[in-house]
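Asker: One file is attached below, run.cif, containing mmCIF, C-alpha atoms.
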data_final
loop_
_atom_site.label_atom_id
_atom_site.label_comp_id
_atom_site.auth_asym_id
_atom_site.auth_seq_id
_atom_site.Cartn_x
_atom_site.Cartn_y
_atom_site.Cartn_z
CA MET A 262 29.85 -3.62 -34.13
CA ARG A 263 27.73 -4.10 -31.01
CA ASP A 264 25.95 -1.09 -29.59
CA ALA A 265 23.92 -0.38 -26.45
CA VAL A 266 20.44 1.11 -26.36
CA ILE A 267 17.94 2.04 -23.68
CA VAL A 268 14.62 0.38 -24.46
CA GLU A 269 12.80 1.39 -21.27
CA ALA A 270 13.40 3.93 -18.51
CA VAL A 271 11.22 4.53 -15.47
CA ARG A 272 11.41 6.29 -12.13
CA THR A 273 9.40 6.80 -9.03
CA PRO A 274 8.14 10.27 -8.25
CA VAL A 275 10.75 11.92 -6.05
CA GLY A 276 9.64 12.31 -2.43
CA LYS A 277 10.80 14.71 0.23
CA GLY A 278 13.60 13.19 2.28
CA LYS A 279 11.89 13.76 5.60
CA ALA A 280 10.07 11.62 8.13
CA ASN A 281 6.78 13.01 6.82
CA GLY A 282 7.79 12.55 3.17
CA ALA A 283 5.51 10.46 1.00
CA LEU A 284 8.14 7.73 0.42
CA HIS A 285 9.64 7.60 3.92
CA GLY A 286 7.68 4.43 4.71
CA GLN A 287 9.32 2.56 1.82
CA HIS A 288 12.35 0.47 2.78
CA PRO A 289 15.20 1.32 0.32
CA SER A 290 15.08 -2.24 -1.02
CA ASP A 291 11.36 -1.91 -1.78
CA LEU A 292 11.84 1.60 -3.13
CA PHE A 293 14.38 0.34 -5.68
CA ALA A 294 12.42 -2.86 -6.33
CA HIS A 295 9.48 -0.78 -7.51
CA SER A 296 11.49 0.71 -10.40
CA LEU A 297 13.19 -2.63 -11.15
CA ARG A 298 9.84 -4.39 -11.34
CA GLU A 299 8.25 -1.66 -13.44
CA VAL A 300 11.05 -1.41 -16.03
CA VAL A 301 10.66 -5.14 -16.78
CA ALA A 302 6.86 -5.06 -16.75
CA ARG A 303 6.72 -2.18 -19.22
CA SER A 304 9.14 -3.90 -21.59
CA GLY A 305 7.36 -7.24 -21.37
CA ILE A 306 10.61 -9.25 -21.29
CA ASP A 307 11.13 -12.33 -19.18
CA PRO A 308 13.44 -11.22 -16.32
CA VAL A 309 15.32 -14.51 -16.55
CA LEU A 310 17.01 -12.98 -19.64
CA ILE A 311 18.71 -10.29 -17.55
CA ASP A 312 22.45 -10.88 -17.16
CA ASP A 313 23.07 -8.36 -14.38
CA VAL A 314 21.48 -5.59 -12.36
CA ILE A 315 23.79 -2.67 -11.61
CA GLY A 316 22.55 -0.20 -9.01
CA GLY A 317 23.92 3.03 -7.63
CA VAL A 318 23.72 3.87 -3.92
CA VAL A 319 25.67 6.62 -2.18
CA THR A 320 25.15 6.06 1.53
CA ALA A 321 25.68 2.30 1.55
CA VAL A 322 25.15 1.62 5.24
CA GLY A 323 22.33 0.22 7.36
CA GLU A 324 19.28 -0.47 5.23
CA GLN A 325 21.23 0.58 2.14
CA GLY A 326 24.34 -1.48 2.89
CA SER A 327 25.61 -4.92 1.89
CA ASN A 328 24.84 -4.85 -1.85
CA LEU A 329 21.34 -3.40 -1.63
CA THR A 330 20.86 -3.96 -5.37
CA ARG A 331 20.79 -7.74 -4.92
CA ARG A 332 18.10 -7.53 -2.26
CA ALA A 333 16.09 -5.08 -4.36
CA ALA A 334 16.26 -7.36 -7.41
CA LEU A 335 15.00 -10.28 -5.34
CA ALA A 336 12.30 -8.08 -3.80
CA ALA A 337 11.27 -7.14 -7.35
CA GLY A 338 10.67 -10.80 -8.13
CA TYR A 339 13.66 -11.30 -10.40
CA PRO A 340 14.82 -14.93 -10.63
CA GLU A 341 17.53 -15.92 -8.18
CA SER A 342 19.77 -16.61 -11.19
CA VAL A 343 19.92 -12.89 -12.05
CA ALA A 344 23.10 -11.32 -10.65
CA ALA A 345 23.31 -7.86 -9.09
CA THR A 346 25.93 -5.43 -7.82
CA THR A 347 26.08 -1.97 -6.28
CA VAL A 348 28.42 0.85 -7.32
CA ASP A 349 29.43 4.12 -5.69
CA ARG A 350 30.61 7.14 -7.63
CA GLN A 351 28.85 9.41 -5.19
CA CYS A 352 26.11 11.53 -6.80
CA GLY A 353 26.87 9.99 -10.19
CA SER A 354 26.53 6.41 -8.96
CA SER A 355 23.56 5.41 -11.10
CA GLN A 356 24.90 7.26 -14.13
CA GLN A 357 28.05 5.18 -13.65
CA ALA A 358 25.83 2.10 -13.35
CA ILE A 359 24.42 2.95 -16.77
CA HIS A 360 27.96 3.38 -18.13
CA PHE A 361 29.06 -0.01 -16.79
CA ALA A 362 25.92 -1.67 -18.15
CA ALA A 363 26.28 -0.16 -21.63
CA GLN A 364 30.00 -0.82 -21.79
CA GLY A 365 29.40 -4.44 -20.80
CA VAL A 366 26.79 -4.82 -23.51
CA ILE A 367 29.04 -3.23 -26.15
CA ALA A 368 31.94 -5.45 -25.09
CA GLY A 369 29.83 -8.59 -25.34
CA ALA A 370 30.01 -9.42 -21.64
CA TYR A 371 26.26 -8.85 -21.32
CA ASP A 372 23.24 -9.08 -23.58
CA ILE A 373 20.63 -7.48 -21.32
CA VAL A 374 21.24 -5.39 -18.19
CA VAL A 375 19.12 -3.31 -15.86
CA ALA A 376 20.93 -0.22 -14.52
CA GLY A 377 19.53 2.25 -12.03
CA GLY A 378 19.81 3.50 -8.50
CA VAL A 379 18.11 4.41 -5.26
CA GLU A 380 18.47 6.61 -2.22
CA SER A 381 16.23 6.96 0.80
CA MET A 382 17.68 10.04 2.46
CA SER A 383 14.84 10.14 4.98
CA ARG A 384 15.77 6.69 6.32
CA VAL A 385 19.54 6.68 5.74
CA PRO A 386 20.81 10.25 6.17
CA MET A 387 23.59 11.55 3.98
CA GLY A 388 26.92 10.96 5.72
CA ALA A 389 25.63 8.14 7.90
CA ASN A 390 28.35 5.88 6.46
CA LEU A 391 31.03 8.20 7.88
CA ILE A 392 29.84 8.22 11.48
CA GLY A 393 32.68 7.12 13.76
CA ALA A 394 35.36 7.60 11.09
CA GLU A 395 37.92 9.93 12.64
CA ASP A 396 40.05 10.12 9.50
CA ILE A 397 38.83 9.11 6.06
CA GLY A 398 41.83 10.44 4.16
CA GLY A 399 44.90 8.84 5.65
CA ILE A 400 48.47 10.12 5.78
CA GLY A 401 49.11 10.42 2.06
CA PHE A 402 45.92 12.37 1.45
CA ALA A 403 46.65 14.74 4.36
CA GLU A 404 50.15 15.37 3.05
CA ARG A 405 48.79 16.33 -0.36
CA TYR A 406 45.94 18.46 1.05
CA PRO A 407 47.26 19.73 4.41
CA GLU A 408 44.48 22.30 4.83
CA GLY A 409 41.84 19.67 4.13
CA LEU A 410 38.86 19.78 1.80
CA VAL A 411 35.47 21.33 2.53
CA PRO A 412 31.77 20.39 2.51
CA GLN A 413 30.05 20.60 -0.87
CA GLY A 414 28.15 23.73 0.13
CA ILE A 415 31.43 25.57 0.65
CA SER A 416 32.62 24.30 -2.74
CA ALA A 417 29.44 25.71 -4.27
CA GLU A 418 30.18 29.04 -2.59
CA LEU A 419 33.75 28.99 -3.93
CA ILE A 420 32.40 28.33 -7.43
CA ALA A 421 29.96 31.23 -7.14
CA ALA A 422 32.81 33.49 -6.05
CA LYS A 423 35.24 32.32 -8.76
CA TRP A 424 32.69 32.72 -11.56
CA GLY A 425 31.28 35.97 -10.15
CA LEU A 426 27.76 34.62 -9.73
CA SER A 427 25.41 36.83 -7.72
CA ARG A 428 22.67 35.79 -5.32
CA THR A 429 20.13 37.12 -7.81
CA GLN A 430 21.52 34.97 -10.63
CA LEU A 431 21.42 31.87 -8.45
CA ASP A 432 17.89 32.53 -7.26
CA GLU A 433 16.63 33.33 -10.76
CA PHE A 434 17.99 30.00 -11.97
CA SER A 435 16.27 28.21 -9.08
CA LEU A 436 12.92 29.85 -9.74
CA ALA A 437 13.17 28.83 -13.39
CA SER A 438 13.85 25.21 -12.39
CA HIS A 439 10.66 25.06 -10.34
CA GLU A 440 8.65 26.78 -13.07
CA LYS A 441 9.87 24.33 -15.73
CA ALA A 442 9.22 21.30 -13.52
CA ALA A 443 5.75 22.57 -12.59
CA ARG A 444 4.92 23.14 -16.25
CA ALA A 445 6.22 19.69 -17.26
CA THR A 446 4.10 18.11 -14.53
CA LYS A 447 0.98 20.03 -15.57
CA ASP A 448 1.52 19.25 -19.27
CA GLY A 449 2.00 15.52 -18.60
CA SER A 450 5.62 15.41 -19.76
CA PHE A 451 6.56 13.11 -16.87
CA GLU A 452 3.60 10.73 -17.10
CA SER A 453 5.24 8.14 -19.38
CA GLN A 454 8.30 7.83 -17.13
CA LEU A 455 6.66 7.82 -13.70
CA ALA A 456 5.81 4.71 -11.71
CA PRO A 457 3.58 6.06 -8.88
CA LEU A 458 4.30 4.63 -5.45
CA GLY A 459 2.76 4.89 -2.01
CA GLY A 460 0.09 7.29 -3.18
CA LEU A 461 2.70 9.65 -4.66
CA THR A 462 1.94 10.40 -8.31
CA ALA A 463 4.12 13.49 -8.88
CA ASP A 464 7.41 14.87 -7.60
CA GLU A 465 6.79 16.14 -4.10
CA GLY A 466 9.25 19.03 -3.88
CA ILE A 467 8.19 21.20 -6.81
CA ARG A 468 7.07 24.62 -5.60
CA VAL A 469 5.20 27.36 -7.39
CA GLY A 470 4.53 30.93 -6.39
CA SER A 471 7.93 31.87 -4.97
CA THR A 472 9.49 35.21 -5.90
CA LEU A 473 12.98 36.65 -5.98
CA GLU A 474 12.04 38.73 -2.96
CA THR A 475 10.95 35.64 -1.02
CA LEU A 476 14.13 33.75 -1.88
CA GLY A 477 16.25 36.79 -1.12
CA ASN A 478 15.10 36.68 2.50
CA LEU A 479 16.47 33.18 3.07
CA ARG A 480 19.60 32.81 5.19
CA THR A 481 22.84 31.49 3.79
CA ALA A 482 23.08 27.77 4.42
CA TYR A 483 26.80 27.17 5.01
CA TYR A 484 28.27 30.20 6.76
CA SER A 485 30.71 29.62 9.59
CA GLU A 486 33.32 31.88 11.11
CA ASP A 487 36.07 29.37 10.38
CA MET A 488 35.19 29.13 6.71
CA ALA A 489 34.70 32.89 6.41
CA ALA A 490 38.22 33.40 7.77
CA ARG A 491 39.70 30.74 5.49
CA PHE A 492 37.89 31.95 2.35
CA PRO A 493 37.34 35.72 2.55
CA GLN A 494 36.34 35.78 -1.15
CA ILE A 495 33.08 33.93 -0.49
CA GLY A 496 29.95 36.08 -0.75
CA TRP A 497 27.72 33.59 1.11
CA ASN A 498 25.01 33.30 -1.52
CA ILE A 499 24.12 29.59 -1.31
CA THR A 500 20.77 28.92 0.37
CA ALA A 501 18.31 26.05 0.63
CA ALA A 502 16.50 27.55 -2.37
CA ASN A 503 19.40 27.51 -4.84
CA ALA A 504 20.69 24.09 -3.77
CA SER A 505 19.24 20.65 -4.48
CA GLN A 506 16.80 19.08 -2.08
CA ILE A 507 17.13 16.04 0.21
CA ASN A 508 14.99 13.29 -1.26
CA ASP A 509 13.85 9.69 -1.62
CA GLY A 510 13.46 7.94 -4.96
CA SER A 511 14.61 5.32 -7.43
CA ALA A 512 14.96 4.85 -11.18
CA ALA A 513 15.84 2.06 -13.60
CA THR A 514 16.79 1.65 -17.26
CA LEU A 515 16.76 -1.47 -19.45
CA ILE A 516 19.81 -1.74 -21.71
CA MET A 517 20.64 -4.17 -24.53
CA THR A 518 21.96 -4.17 -28.10
CA SER A 519 19.73 -2.76 -30.82
CA GLU A 520 19.88 -6.18 -32.48
CA ARG A 521 18.55 -7.85 -29.31
CA ALA A 522 15.87 -5.19 -29.03
CA ALA A 523 14.72 -5.98 -32.56
CA GLU A 524 14.60 -9.69 -31.75
CA LEU A 525 12.40 -8.96 -28.72
CA GLY A 526 10.19 -6.52 -30.61
CA LEU A 527 11.30 -3.55 -28.51
CA ARG A 528 11.78 0.00 -29.80
CA PRO A 529 14.86 1.77 -28.40
CA LEU A 530 14.42 5.17 -26.79
CA ALA A 531 18.05 6.12 -27.39
CA ARG A 532 21.47 4.72 -28.14
CA LEU A 533 24.24 5.22 -25.57
CA HIS A 534 26.60 7.00 -27.92
CA SER A 535 29.65 8.08 -25.88
CA PHE A 536 30.93 8.12 -22.30
CA SER A 537 33.49 9.97 -20.23
CA VAL A 538 34.59 10.41 -16.65
CA ALA A 539 36.80 13.24 -15.42
CA GLY A 540 38.45 14.54 -12.30
CA ASP A 541 39.10 18.13 -11.24
CA ASP A 542 40.13 20.17 -8.20
CA PRO A 543 38.70 18.35 -5.15
CA LEU A 544 38.49 21.62 -3.22
CA LEU A 545 36.15 23.17 -5.79
CA MET A 546 34.82 19.60 -6.00
CA LEU A 547 31.87 20.24 -8.33
CA THR A 548 33.58 21.58 -11.46
CA ALA A 549 34.56 18.31 -13.18
CA VAL A 550 31.37 18.57 -15.25
CA ILE A 551 33.28 21.08 -17.40
CA PRO A 552 36.19 18.82 -18.46
CA ALA A 553 33.87 15.79 -18.58
CA THR A 554 31.65 17.60 -21.10
CA ARG A 555 34.59 18.54 -23.29
CA LYS A 556 35.96 15.01 -23.08
CA VAL A 557 32.74 13.26 -24.05
CA LEU A 558 32.17 15.62 -27.00
CA GLN A 559 35.69 14.92 -28.24
CA ARG A 560 35.17 11.18 -27.92
CA ALA A 561 31.86 11.42 -29.75
CA GLY A 562 33.30 13.52 -32.56
CA LEU A 563 30.57 16.10 -31.93
CA GLN A 564 30.44 19.83 -31.32
CA LEU A 565 28.47 21.56 -28.58
CA SER A 566 26.14 22.87 -31.29
CA ASP A 567 25.22 19.28 -32.22
CA ILE A 568 23.60 18.71 -28.83
CA ASP A 569 19.87 19.41 -28.74
CA LEU A 570 19.27 18.87 -25.01
CA PHE A 571 21.45 18.96 -21.90
CA GLU A 572 20.88 17.65 -18.40
CA VAL A 573 23.32 19.02 -15.84
CA ASN A 574 22.56 17.97 -12.30
CA GLU A 575 21.44 20.92 -10.23
CA ALA A 576 23.38 20.04 -7.10
CA PHE A 577 23.68 23.81 -6.74
CA ALA A 578 22.68 26.57 -9.13
CA SER A 579 26.28 27.79 -9.18
CA VAL A 580 27.47 24.49 -10.67
CA VAL A 581 25.20 24.68 -13.71
CA LEU A 582 25.85 28.39 -14.30
CA ALA A 583 29.63 27.94 -14.10
CA TRP A 584 29.38 24.96 -16.48
CA ALA A 585 27.30 26.98 -18.96
CA HIS A 586 29.75 29.89 -18.78
CA ASP A 587 32.81 27.76 -19.53
CA THR A 588 31.26 25.45 -22.13
CA GLY A 589 29.20 28.11 -23.89
CA ALA A 590 26.07 25.95 -23.77
CA ASP A 591 22.69 27.57 -24.37
CA LEU A 592 20.80 27.53 -21.07
CA ASN A 593 17.53 27.30 -23.01
CA LYS A 594 18.53 23.71 -23.86
CA VAL A 595 19.51 22.81 -20.28
CA ASN A 596 17.20 20.94 -17.88
CA VAL A 597 14.20 21.84 -20.00
CA ASN A 598 11.78 20.12 -17.58
CA GLY A 599 13.47 21.38 -14.43
CA GLY A 600 16.28 19.85 -12.42
CA ALA A 601 17.29 18.70 -8.96
CA ILE A 602 16.55 22.06 -7.36
CA ALA A 603 12.87 21.45 -8.14
CA ILE A 604 12.49 17.73 -8.84
CA GLY A 605 14.93 16.63 -6.14
CA HIS A 606 18.25 14.83 -5.73
CA PRO A 607 17.91 11.31 -4.23
CA LEU A 608 21.67 10.79 -4.44
CA GLY A 609 22.11 7.22 -5.68
CA ALA A 610 19.06 7.46 -7.94
CA SER A 611 19.79 10.82 -9.53
CA GLY A 612 21.96 9.66 -12.43
CA ALA A 613 19.29 7.21 -13.60
CA ARG A 614 16.49 9.67 -12.80
CA ILE A 615 18.13 12.27 -15.02
CA ALA A 616 18.79 9.72 -17.76
CA THR A 617 15.13 8.68 -17.63
CA THR A 618 13.91 12.26 -17.81
CA LEU A 619 16.34 13.01 -20.64
CA VAL A 620 15.58 10.10 -22.96
CA HIS A 621 11.87 10.76 -22.61
CA ALA A 622 12.41 14.47 -23.33
CA MET A 623 14.34 13.46 -26.46
CA GLN A 624 11.25 11.64 -27.72
CA GLU A 625 8.94 14.49 -26.86
CA ARG A 626 11.13 17.13 -28.53
CA ASN A 627 12.49 15.08 -31.45
CA ALA A 628 16.06 15.65 -30.27
CA ARG A 629 18.81 13.69 -31.99
CA TYR A 630 21.65 14.13 -29.47
CA ALA A 631 21.49 14.82 -25.74
CA LEU A 632 24.21 15.16 -23.12
CA GLN A 633 24.00 14.35 -19.41
CA THR A 634 26.64 15.28 -16.84
CA MET A 635 26.78 15.24 -13.04
CA CYS A 636 29.20 16.62 -10.48
CA GLU A 637 30.32 14.18 -7.80
CA ALA A 638 32.06 14.43 -4.43
CA GLY A 639 35.83 14.35 -4.59
CA GLY A 640 36.05 16.46 -7.75
CA LEU A 641 34.61 13.89 -10.18
CA ALA A 642 32.02 13.85 -12.96
CA ASN A 643 30.40 11.52 -15.46
CA ALA A 644 29.19 12.59 -18.90
CA THR A 645 27.06 10.63 -21.35
CA ILE A 646 25.84 11.40 -24.87
CA TYR A 647 22.61 9.75 -26.06
CA GLU A 648 21.42 9.48 -29.65
CA ARG A 649 17.75 9.09 -30.50
CA LEU A 650 17.06 6.38 -33.06
#
Here is the file; what I need is its structure written in the form of structure tokens.
Answerer:
Amino acid sequence: MRDAVIVEAVRTPVGKGKANGALHGQHPSDLFAHSLREVVARSGIDPVLIDDVIGGVVTAVGEQGSNLTRRAALAAGYPESVAATTVDRQCGSSQQAIHFAAQGVIAGAYDIVVAGGVESMSRVPMGANLIGAEDIGGIGFAERYPEGLVPQGISAELIAAKWGLSRTQLDEFSLASHEKAARATKDGSFESQLAPLGGLTADEGIRVGSTLETLGNLRTAYYSEDMAARFPQIGWNITAANASQINDGSAATLIMTSERAAELGLRPLARLHSFSVAGDDPLLMLTAVIPATRKVLQRAGLQLSDIDLFEVNEAFASVVLAWAHDTGADLNKVNVNGGAIAIGHPLGASGARIATTLVHAMQERNARYALQTMCEAGGLANATIYERL
């Protein structure tokens, strides 16, 4: 049987998604090209061997529109014969790109694929692709959800309320994320995966020195009178500190069969063992990570106790804590080098960024199995299990 393995995984440092951020001057095509170029250079393969490049982008408009992945591959110096496409599963776009790449390799449609993603939130703001759209749902959607859905921040508040998560719990989780990311940076845990760019050699948003008292003084980020009237159960505990950041960055993975890797003299970092996607309540929006986790474990024939490391995207602290509560996962195995609250969340790049961080952590910690899952707008989630070889 054919399999699919990751033989190389790289990422840029994650920059602040602001006009004064370290990566703001990088066009999204060049930002992605940097990771695409580096993943090939580190492997030493001839890029003419690549069958396809699959890239994730969330806000596919303006500089990030019109199949950005193709332009990035050409900017990276890939031969014109190498194909490329762009996918959108919202925050999980580049994790889905990895799924498509691995599934294509396993099926025999591909031999070698590069999968990754990019987002420049400083140059193409989140939601820019919806400007001018008066109605994105249509009649059928409105009939099914007459009260309408809500922004993700309100969904995060609803999750905190439903799972009884306090402001202190959320802020404690956020502080721990920054502490873990700062320690990983200091200890050099990220060095082998980082491809410095534009003078940026480390993730720009990691903070040290904050306290629960400091975070407790921050204002709620999503309060409105309309939402307070509609959802009286909300405690208004989501702040900028316990939510993911706005960021710029890119990441890329090189995927092929283990047989092809052996032919090329490459050592796999991990095998792509099992995949799942799941949907859940689009009002809560961010909870599909729970059924996606159960689904991928069932498909893999594994138990939660078999998993040595977890990466659950820290879109909001409430998402990870609700997931841990319902799955029973040990938080000591979750996001061991920090997550999006500290490292950042460049939307289209995050799935591949997390995969890169995870497969390198597997090497460092001698983990056999690891599980990655991400919540996505619309009540969706991807989940992936990796096996270290």
Asker: Contacts of stretch 600-615 of chain A at 6 Å or less, counting all atoms listed in the file, minus same-chain residues fewer than 2 places along, as a PyMOL selection string?
Answerer: chain A and resi 317-319+352-356+377-380+438-439+464+467+504-506+508-512+575+596+617-619
Asker: Could you state the separation of atom CA of A:Ile499 and atom CA of A:Leu570 in Å, given to one decimal place?
Answerer: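 Straight-line distance from atom CA of A:Ile499 to atom CA of A:Leu570 works out to 26.5 Å.
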Asker: I'd like the interatomic distance between atom CA of A:Glu324 and atom CA of A:Asp291, to a tenth of an Å.
Answerer: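 Between atom CA of A:Glu324 and atom CA of A:Asp291 the gap works out to 10.7 Å.
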Asker: Can you spell out as a compact mmCIF listing (two decimals) with C-alpha atoms, in the coordinates of the input the set of residues that the PyMOL selection byres ((chain A and resi 478-485) around 7) selects in the structure I just provided?
Answerer:
# COMPACT_ATOMS: atom_id res chain seq x y z
CA GLY A 414 28.15 23.73 0.13
CA ILE A 415 31.43 25.57 0.65
CA GLU A 474 12.04 38.73 -2.96
CA THR A 475 10.95 35.64 -1.02
CA LEU A 476 14.13 33.75 -1.88
CA GLY A 477 16.25 36.79 -1.12
CA GLU A 486 33.32 31.88 11.11
CA ASP A 487 36.07 29.37 10.38
CA MET A 488 35.19 29.13 6.71
CA ALA A 489 34.70 32.89 6.41
CA TRP A 497 27.72 33.59 1.11
CA ASN A 498 25.01 33.30 -1.52
CA ILE A 499 24.12 29.59 -1.31
CA THR A 500 20.77 28.92 0.37
CA ALA A 501 18.31 26.05 0.63
Asker: Which residues, named as in the file, does the PyMOL selection byres ((chain A and resi 582) around 9) pick out? Answer as a CSV table (one decimal) with C-alpha atoms, in the coordinates of the input.
Answerer:
chain,number,residue,atom,x,y,z
A,421,ALA,CA,30.0,31.2,-7.1
A,424,TRP,CA,32.7,32.7,-11.6
A,426,LEU,CA,27.8,34.6,-9.7
A,430,GLN,CA,21.5,35.0,-10.6
A,431,LEU,CA,21.4,31.9,-8.4
A,434,PHE,CA,18.0,30.0,-12.0
A,578,ALA,CA,22.7,26.6,-9.1
A,579,SER,CA,26.3,27.8,-9.2
A,580,VAL,CA,27.5,24.5,-10.7
A,581,VAL,CA,25.2,24.7,-13.7
A,583,ALA,CA,29.6,27.9,-14.1
A,584,TRP,CA,29.4,25.0,-16.5
A,585,ALA,CA,27.3,27.0,-19.0
A,586,HIS,CA,29.8,29.9,-18.8
A,587,ASP,CA,32.8,27.8,-19.5
A,592,LEU,CA,20.8,27.5,-21.1
